[in-house]
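Engineer: Take a look at the following structure, please.
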Amino acid sequence: MLRKVNPGHISALIDLVNHGPYFELLSMVIKDLGVGYCLLEVDLERKHHNPFGATHGGVYASVVDTAAYWSTYCEQDEDTGLVSLDLKMNYLAPISSGKILVKGKKIKVGKTISLAEAAVTNLEGRILAQGTSTLMITPGMQTINQAIGLSQGESLPPKFID
């Protein structure tokens, strides 16, 4: 049975994650997050470019990995983390400016392994890249509470509502 996720937890989590150093470095923002999905947005800048003026493939890989990761979050236990085991990417079209949207979608959440996918599009819906990520569930390791401790932030509301 799927537990009900606390909207207050999700709101506080999004604020915490969006102010993390890597998110700020890539100008990545979680816009929405829920059971089985995550929506990211990135305003592309010169810092995202490869030497040829297009968005670097590493940016695509980072945002796909991130959206896939967070799309499985709501189905994990409170004291559980996730570690990416692999990332399979398809780079389909270049882009050099504008905004990209990244839609992560859970494929399966198991007891030890989860699988998720994400697609990167421009605002017109043209697919630029897509990928899948296999994630290992890590009880007691890389949990949100550990991230809060490292960021010296305040604790979040409980993840689940009884």
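Note on naming: chains are A, B, ... as they come in the structure tokens, residues start from 1 per chain, ligands start from 1 in the order shown.
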Give me the region 25-72 of chain A side of the contact with region 118-140 of chain A, cut-off 7 Å, one line per residue showing its nearest atom pair and distance in Å at one decimal, counting only C-alpha atoms, sorted by chain and residue number, as a tab-separated table.

Structural biologist:
residue	atom	partner	partner_atom	distance
A:Tyr60	CA	A:Ala129	CA	6.7
A:Val64	CA	A:Ala118	CA	5.3
A:Asp65	CA	A:Ser133	CA	6.4
A:Ala67	CA	A:Ala118	CA	6.2
A:Ala68	CA	A:Ala118	CA	5.6

Engineer: Just want the 9 Å neighbourhood of Val5 (chain A), counted on only C-alpha atoms, with same-chain residues fewer than 6 positions away dropped. Output as a list in words.

Structural biologist: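 Result of the neighbour search: Gly34, Val35, Cys74, Glu75, Pro158, Lys159, Phe160 and Ile161 of chain A.
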
Engineer: Could you take the residues named above and write them with C-alpha atoms, as a PDB file, in the first residue's frame?

Structural biologist:
ATOM      1  CA  GLY A  34       5.385  13.774  -6.504  1.00  0.00           C
ATOM      2  CA  VAL A  35       4.793  10.049  -6.476  1.00  0.00           C
ATOM      3  CA  CYS A  74       8.357   9.609  -2.756  1.00  0.00           C
ATOM      4  CA  GLU A  75       8.170   5.815  -2.652  1.00  0.00           C
ATOM      5  CA  PRO A 158       7.717  14.203   8.222  1.00  0.00           C
ATOM      6  CA  LYS A 159       7.733  12.612   4.771  1.00  0.00           C
ATOM      7  CA  PHE A 160       4.504  10.674   5.179  1.00  0.00           C
ATOM      8  CA  ILE A 161       1.092  11.484   6.592  1.00  0.00           C
TER       9      ILE A 161
END

Engineer: Between A:Leu25, A:Gly104, A:Leu33, A:Ile95, which has the minimum distance to Gly53 (chain A) (counting only C-alpha atoms)?

Structural biologist: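 Of all the options, A:Ile95 lies closest to Gly53 (chain A).
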
Engineer: Taking only C-alpha atoms into account, which of A:Thr80, A:Thr66, A:Leu16, A:Leu2 comes nearest Ser155 (chain A)?

Structural biologist: A:Leu16

Engineer: Going by DSSP on the backbone, which residues of chain A come out as strand (DSSP E)? List them as a ChimeraX atom specification.

Structural biologist: /A:4-5,28-34,37-44,80-91,98-109,113-122,127-139,160-161

Engineer: Extract the full set of helix (DSSP H, G or I) residues from region 3-133 of chain A according to DSSP on the backbone, and format it as a PDB file with N, CA and C atoms, in the first residue's frame.

Structural biologist:
ATOM      1  N   PRO A   7       2.607  17.012   1.755  1.00  0.00           N
ATOM      2  CA  PRO A   7       2.925  18.142   0.870  1.00  0.00           C
ATOM      3  C   PRO A   7       3.898  19.137   1.514  1.00  0.00           C
ATOM      4  N   GLY A   8       3.836  19.309   2.832  1.00  0.00           N
ATOM      5  CA  GLY A   8       4.771  20.197   3.520  1.00  0.00           C
ATOM      6  C   GLY A   8       6.206  19.702   3.425  1.00  0.00           C
ATOM      7  N   HIS A   9       6.375  18.394   3.469  1.00  0.00           N
ATOM      8  CA  HIS A   9       7.708  17.803   3.318  1.00  0.00           C
ATOM      9  C   HIS A   9       8.236  18.070   1.913  1.00  0.00           C
ATOM     10  N   ILE A  10       7.399  17.839   0.908  1.00  0.00           N
ATOM     11  CA  ILE A  10       7.817  18.030  -0.485  1.00  0.00           C
ATOM     12  C   ILE A  10       8.202  19.484  -0.732  1.00  0.00           C
ATOM     13  N   SER A  11       7.412  20.411  -0.243  1.00  0.00           N
ATOM     14  CA  SER A  11       7.708  21.834  -0.418  1.00  0.00           C
ATOM     15  C   SER A  11       9.045  22.205   0.221  1.00  0.00           C
ATOM     16  N   ALA A  12       9.267  21.759   1.449  1.00  0.00           N
ATOM     17  CA  ALA A  12      10.527  22.054   2.150  1.00  0.00           C
ATOM     18  C   ALA A  12      11.702  21.353   1.471  1.00  0.00           C
ATOM     19  N   LEU A  13      11.482  20.149   0.993  1.00  0.00           N
ATOM     20  CA  LEU A  13      12.525  19.397   0.295  1.00  0.00           C
ATOM     21  C   LEU A  13      12.945  20.112  -0.981  1.00  0.00           C
ATOM     22  N   ILE A  14      11.982  20.545  -1.772  1.00  0.00           N
ATOM     23  CA  ILE A  14      12.284  21.251  -3.016  1.00  0.00           C
ATOM     24  C   ILE A  14      13.104  22.499  -2.722  1.00  0.00           C
ATOM     25  N   ASP A  15      12.740  23.239  -1.693  1.00  0.00           N
ATOM     26  CA  ASP A  15      13.498  24.438  -1.317  1.00  0.00           C
ATOM     27  C   ASP A  15      14.932  24.076  -0.916  1.00  0.00           C
ATOM     28  N   LEU A  16      15.088  23.036  -0.118  1.00  0.00           N
ATOM     29  CA  LEU A  16      16.419  22.589   0.315  1.00  0.00           C
ATOM     30  C   LEU A  16      17.268  22.184  -0.881  1.00  0.00           C
ATOM     31  N   VAL A  17      16.734  21.326  -1.732  1.00  0.00           N
ATOM     32  CA  VAL A  17      17.488  20.792  -2.869  1.00  0.00           C
ATOM     33  C   VAL A  17      17.824  21.888  -3.872  1.00  0.00           C
ATOM     34  N   ASN A  18      16.874  22.765  -4.165  1.00  0.00           N
ATOM     35  CA  ASN A  18      17.120  23.825  -5.143  1.00  0.00           C
ATOM     36  C   ASN A  18      18.212  24.787  -4.707  1.00  0.00           C
ATOM     37  N   PRO A  21      24.466  23.198  -3.672  1.00  0.00           N
ATOM     38  CA  PRO A  21      25.543  23.738  -4.509  1.00  0.00           C
ATOM     39  C   PRO A  21      25.519  23.258  -5.965  1.00  0.00           C
ATOM     40  N   TYR A  22      25.236  21.981  -6.202  1.00  0.00           N
ATOM     41  CA  TYR A  22      25.250  21.498  -7.589  1.00  0.00           C
ATOM     42  C   TYR A  22      24.057  22.034  -8.376  1.00  0.00           C
ATOM     43  N   PHE A  23      22.921  22.133  -7.715  1.00  0.00           N
ATOM     44  CA  PHE A  23      21.743  22.707  -8.375  1.00  0.00           C
ATOM     45  C   PHE A  23      22.013  24.163  -8.758  1.00  0.00           C
ATOM     46  N   GLU A  24      22.615  24.902  -7.853  1.00  0.00           N
ATOM     47  CA  GLU A  24      22.931  26.298  -8.157  1.00  0.00           C
ATOM     48  C   GLU A  24      23.990  26.398  -9.249  1.00  0.00           C
ATOM     49  N   LEU A  25      24.979  25.503  -9.244  1.00  0.00           N
ATOM     50  CA  LEU A  25      26.021  25.512 -10.270  1.00  0.00           C
ATOM     51  C   LEU A  25      25.421  25.339 -11.666  1.00  0.00           C
ATOM     52  N   LEU A  26      24.484  24.400 -11.800  1.00  0.00           N
ATOM     53  CA  LEU A  26      23.878  24.144 -13.106  1.00  0.00           C
ATOM     54  C   LEU A  26      22.624  24.969 -13.374  1.00  0.00           C
ATOM     55  N   ARG A  46      25.797  30.387 -20.982  1.00  0.00           N
ATOM     56  CA  ARG A  46      27.095  30.078 -21.599  1.00  0.00           C
ATOM     57  C   ARG A  46      27.841  29.017 -20.791  1.00  0.00           C
ATOM     58  N   LYS A  47      27.683  28.993 -19.476  1.00  0.00           N
ATOM     59  CA  LYS A  47      28.391  28.024 -18.630  1.00  0.00           C
ATOM     60  C   LYS A  47      27.975  26.576 -18.933  1.00  0.00           C
ATOM     61  N   HIS A  48      26.862  26.375 -19.607  1.00  0.00           N
ATOM     62  CA  HIS A  48      26.392  25.043 -19.961  1.00  0.00           C
ATOM     63  C   HIS A  48      26.958  24.541 -21.294  1.00  0.00           C
ATOM     64  N   GLY A  57      26.997  17.565 -23.226  1.00  0.00           N
ATOM     65  CA  GLY A  57      26.329  16.306 -22.915  1.00  0.00           C
ATOM     66  C   GLY A  57      26.313  15.994 -21.432  1.00  0.00           C
ATOM     67  N   GLY A  58      27.298  16.482 -20.704  1.00  0.00           N
ATOM     68  CA  GLY A  58      27.335  16.280 -19.252  1.00  0.00           C
ATOM     69  C   GLY A  58      26.187  16.990 -18.545  1.00  0.00           C
ATOM     70  N   VAL A  59      25.725  18.102 -19.111  1.00  0.00           N
ATOM     71  CA  VAL A  59      24.560  18.797 -18.550  1.00  0.00           C
ATOM     72  C   VAL A  59      23.328  17.923 -18.724  1.00  0.00           C
ATOM     73  N   TYR A  60      23.155  17.396 -19.951  1.00  0.00           N
ATOM     74  CA  TYR A  60      22.030  16.481 -20.185  1.00  0.00           C
ATOM     75  C   TYR A  60      22.091  15.297 -19.218  1.00  0.00           C
ATOM     76  N   ALA A  61      23.263  14.701 -19.071  1.00  0.00           N
ATOM     77  CA  ALA A  61      23.404  13.541 -18.182  1.00  0.00           C
ATOM     78  C   ALA A  61      23.065  13.919 -16.742  1.00  0.00           C
ATOM     79  N   SER A  62      23.526  15.069 -16.296  1.00  0.00           N
ATOM     80  CA  SER A  62      23.250  15.505 -14.917  1.00  0.00           C
ATOM     81  C   SER A  62      21.763  15.702 -14.672  1.00  0.00           C
ATOM     82  N   VAL A  63      21.078  16.338 -15.601  1.00  0.00           N
ATOM     83  CA  VAL A  63      19.657  16.621 -15.373  1.00  0.00           C
ATOM     84  C   VAL A  63      18.801  15.367 -15.513  1.00  0.00           C
ATOM     85  N   VAL A  64      19.180  14.467 -16.420  1.00  0.00           N
ATOM     86  CA  VAL A  64      18.450  13.196 -16.540  1.00  0.00           C
ATOM     87  C   VAL A  64      18.649  12.368 -15.274  1.00  0.00           C
ATOM     88  N   ASP A  65      19.884  12.268 -14.805  1.00  0.00           N
ATOM     89  CA  ASP A  65      20.174  11.523 -13.577  1.00  0.00           C
ATOM     90  C   ASP A  65      19.393  12.108 -12.399  1.00  0.00           C
ATOM     91  N   THR A  66      19.341  13.414 -12.313  1.00  0.00           N
ATOM     92  CA  THR A  66      18.662  14.092 -11.209  1.00  0.00           C
ATOM     93  C   THR A  66      17.152  13.878 -11.259  1.00  0.00           C
ATOM     94  N   ALA A  67      16.542  14.081 -12.417  1.00  0.00           N
ATOM     95  CA  ALA A  67      15.084  13.921 -12.523  1.00  0.00           C
ATOM     96  C   ALA A  67      14.678  12.465 -12.297  1.00  0.00           C
ATOM     97  N   ALA A  68      15.471  11.528 -12.793  1.00  0.00           N
ATOM     98  CA  ALA A  68      15.176  10.110 -12.571  1.00  0.00           C
ATOM     99  C   ALA A  68      15.258   9.787 -11.075  1.00  0.00           C
ATOM    100  N   TYR A  69      16.304  10.252 -10.428  1.00  0.00           N
ATOM    101  CA  TYR A  69      16.499  10.033  -8.983  1.00  0.00           C
ATOM    102  C   TYR A  69      15.284  10.519  -8.187  1.00  0.00           C
ATOM    103  N   TRP A  70      14.912  11.773  -8.400  1.00  0.00           N
ATOM    104  CA  TRP A  70      13.835  12.362  -7.595  1.00  0.00           C
ATOM    105  C   TRP A  70      12.461  11.789  -7.957  1.00  0.00           C
ATOM    106  N   SER A  71      12.318  11.197  -9.140  1.00  0.00           N
ATOM    107  CA  SER A  71      11.025  10.604  -9.494  1.00  0.00           C
ATOM    108  C   SER A  71      10.720   9.359  -8.660  1.00  0.00           C
ATOM    109  N   TYR A  73      11.799   9.167  -5.354  1.00  0.00           N
ATOM    110  CA  TYR A  73      11.956   9.576  -3.957  1.00  0.00           C
ATOM    111  C   TYR A  73      10.725   9.326  -3.094  1.00  0.00           C
ATOM    112  N   CYS A  74       9.569   9.655  -3.580  1.00  0.00           N
ATOM    113  CA  CYS A  74       8.357   9.609  -2.756  1.00  0.00           C
ATOM    114  C   CYS A  74       7.950   8.192  -2.354  1.00  0.00           C
ATOM    115  N   GLU A  75       8.509   7.191  -3.000  1.00  0.00           N
ATOM    116  CA  GLU A  75       8.170   5.815  -2.652  1.00  0.00           C
ATOM    117  C   GLU A  75       9.233   5.156  -1.775  1.00  0.00           C
TER     118      GLU A  75
END

Engineer: Between CA of Ile148 (chain A) and CA of Gly20 (chain A), what is the distance in Å, rounded to a tenth?

Structural biologist: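 Value for the CA of Ile148 (chain A)-CA of Gly20 (chain A) distance: 10.2 Å.
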
Engineer: Suppose you want the space between CA of Leu44 (chain A) and CA of Leu85 (chain A); what is it in Å?

Structural biologist: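 Taking CA of Leu44 (chain A) and CA of Leu85 (chain A), their separation equals 27.2 Å.
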
Engineer: Which residue is closest to Gln146 (chain A)? Choose from A:Asp79, A:Asn6, A:Glu41, A:Asp86 and count only C-alpha atoms.

Structural biologist: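 Of A:Asp79, A:Asn6, A:Glu41, A:Asp86, the one nearest Gln146 (chain A) is A:Asp79, counting only C-alpha atoms.
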
Engineer: Skipping near chain neighbours, those fewer than 3 positions away, what residues fall within 9 Å of Val109 (chain A) using only C-alpha atoms, listed as a PyMOL selection string?

Structural biologist: chain A and resi 72+75-76+106+112-116

Engineer: Keeping only C-alpha atoms, write the selected residues to a file as a compact mmCIF listing (two decimals), in the first residue's frame.

Structural biologist:
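See result-v4.txt below for the written result:
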# COMPACT_ATOMS: atom_id res chain seq x y z
CA THR A 72 11.51 7.59 -7.19
CA GLU A 75 8.17 5.81 -2.65
CA GLN A 76 11.31 5.39 -0.52
CA LYS A 106 9.54 6.17 -12.17
CA THR A 112 16.83 -2.87 -3.36
CA ILE A 113 16.84 -1.46 -6.90
CA SER A 114 14.75 1.19 -8.64
CA LEU A 115 14.56 2.10 -12.30
CA ALA A 116 13.55 5.49 -13.68
